[in-house]
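Notes for the one structure printed next.
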Amino acid sequence: MAFIDYYKVMGIPKDTPQKDIRAAYRKRSKQFHPDLHPDDPKAKAKFQMLNEAYEVLNDPEKRAKYDQYGENWKQADQFGGFGAGGGGGNPFEGFSFNMNGEGGMSDFFQQIFGSMGMGGTRRTRTRRASTEPSEVEARVAIDVWTALLGGELIVSTTYGKFKIKVASGTQPGKKVRLKGKGGTKSDGTPKDLIIVFDVTIPANLSDQQKVLLEQVRRG
């Protein structure tokens with residue numbers, strides 16, 4: 001199974017401070033959003049890969065395991081830290097995350113594309129049902145106007161497309177739970193899908209927009 005370097009996906013060095021991860025994601029998401037690349041059939045998958053990288057690196061605990069165990073970070077708890085070590089270097093040292101290049105696929109995308117192009121023997125991991133999470137998260141970027149005023153939008157995830165309502169005054173990190181929409185556990189039990197909102201702040205405002213915002217600030 002191919003190993004994806006989340007730091008290269010995010011376009012940041014490994015020693016990036018934790019407080020700068022969110023800003024790096026916002027910058028990267030603007031660059032790789034599928035809406036900006038309608039002619040690239042892989043744009044959606046690459047954007048999902050970016051969200052996967054952000055989900056891990058933005059969580060200090062997950063990031064620490066990833067930094068220590070690399071591609072085996074998810075098994076760190078199972079093996080108590082043994083057998084997950086790394087030597088041998090990064091087999092994807094030359095990996096370049098760009099909209100026109102080719103990249104590998106993590107287990108997240110193997111569920112979508114299968115094992116094509118990966119080579120080698122496909123490994124199957126087993127986990128006790130008791131350790132399986134009952135929910136999964138998907139991060140969704142919304143513009144500041146939708147966050148302020150609210151509205152409806154169509155969210156595309158690995159588990160399908162969903163129409164959701166955004167409440168006015170939505171803050172970054174706000175979560176919306178979609179019961180039973182996050183796929184199923186190995187025993188067939190449905191998992192909830194948690195939508196986490198990231199609010200994108202516009203970088204360039206017109207003079208008129210600045211005037212209107214200033215009027216709002218003054219009340």
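Going through the structure tokens in order, the chains are called A, B, and so on, while each chain numbers its residues from 1 and the ligands are numbered from 1 in the order shown.
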
Handout entry: Non-local contacts of Lys19 (chain A) (10 Å; only C-alpha atoms; under 4 positions in same chain excluded) as an MDAnalysis selection string
Key = chainID A and resid 23:24 58

Practice task
One decimal, Å: what's the distance from CA of Glu61 (chain A) over to CA of Ser29 (chain A), could you say?
Solution key: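 Spanning CA of Glu61 (chain A) to CA of Ser29 (chain A) is a straight-line distance of 22.8 Å.
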
Selection: 7 Å around Gly169 (chain A), only C-alpha atoms, excl. self and same-chain fewer than 6 positions, as a tab-separated table (two decimals) with N, CA and C atoms, in the first residue's frame:
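out-v4.tsv, written as the output of this step:
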```
chain	number	residue	atom	x	y	z
A	147	ALA	N	-21.08	31.72	6.05
A	147	ALA	CA	-20.93	31.56	7.50
A	147	ALA	C	-21.69	32.65	8.25
A	148	LEU	N	-21.65	33.87	7.73
A	148	LEU	CA	-22.32	34.98	8.39
A	148	LEU	C	-23.83	34.95	8.22
A	149	LEU	N	-24.28	34.69	6.98
A	149	LEU	CA	-25.70	34.82	6.66
A	149	LEU	C	-26.46	33.50	6.68
A	150	GLY	N	-25.72	32.38	6.60
A	150	GLY	CA	-26.38	31.09	6.56
A	150	GLY	C	-26.80	30.73	5.14
```

Handout entry: Residue contacts of Asn51 (chain A) (10 Å, only C-alpha atoms) excluding same-chain residues fewer than 6 positions away, as JSON, numbers by chain
Key = {"A": [6, 9, 10, 25, 28, 29, 45, 57, 137, 138, 139, 140, 141]}

Handout entry: Test item: residues at most 12 Å from Trp145 (chain A), only C-alpha atoms, excluding those fewer than 2 positions along its chain, as a PyMOL selection string
Key = chain A and resi 141-143+147-151+166-171+199-202+209+213

Practice task
For CA of Tyr54 (chain A) and CA of Glu152 (chain A), determine how far apart the two atoms are, in Å to one decimal place.
Solution key: 24.5 Å

Problem - Nearest to Glu71 (chain A), chosen from A:Ile154, A:Ile4, A:Val216, A:Val144, with only C-alpha atoms counted in the distances - result: A:Ile4

Practice task
Find the spatial neighbours of region 184-192 of chain A, counting only C-alpha atoms, within a cut-off of 9 Å - ignore same-chain residues fewer than 2 positions away - and output them as a ChimeraX atom specification.
Solution key: /A:127,129,132-137,177-182,194

Go ahead and save the residues from that selection, with C-alpha atoms, as a PDB file, in the first residue's frame.
```pdb
ATOM      1  CA  ARG A 127      -9.291  -4.548  13.939  1.00  0.00           C
ATOM      2  CA  ALA A 129     -14.987  -4.204  16.404  1.00  0.00           C
ATOM      3  CA  GLU A 132     -13.884   0.931  15.508  1.00  0.00           C
ATOM      4  CA  PRO A 133     -15.071   4.536  15.662  1.00  0.00           C
ATOM      5  CA  SER A 134     -18.802   5.165  15.572  1.00  0.00           C
ATOM      6  CA  GLU A 135     -18.382   8.338  13.531  1.00  0.00           C
ATOM      7  CA  VAL A 136     -16.208   9.834  10.812  1.00  0.00           C
ATOM      8  CA  GLU A 137     -15.402  13.456   9.999  1.00  0.00           C
ATOM      9  CA  ARG A 177     -23.930  15.481  12.621  1.00  0.00           C
ATOM     10  CA  LEU A 178     -25.559  13.394   9.887  1.00  0.00           C
ATOM     11  CA  LYS A 179     -26.774  10.238  11.605  1.00  0.00           C
ATOM     12  CA  GLY A 180     -26.025   6.982   9.836  1.00  0.00           C
ATOM     13  CA  LYS A 181     -24.432   8.679   6.821  1.00  0.00           C
ATOM     14  CA  GLY A 182     -20.787   7.793   7.488  1.00  0.00           C
ATOM     15  CA  ILE A 194     -19.633  14.682  11.199  1.00  0.00           C
TER      16      ILE A 194
END
```
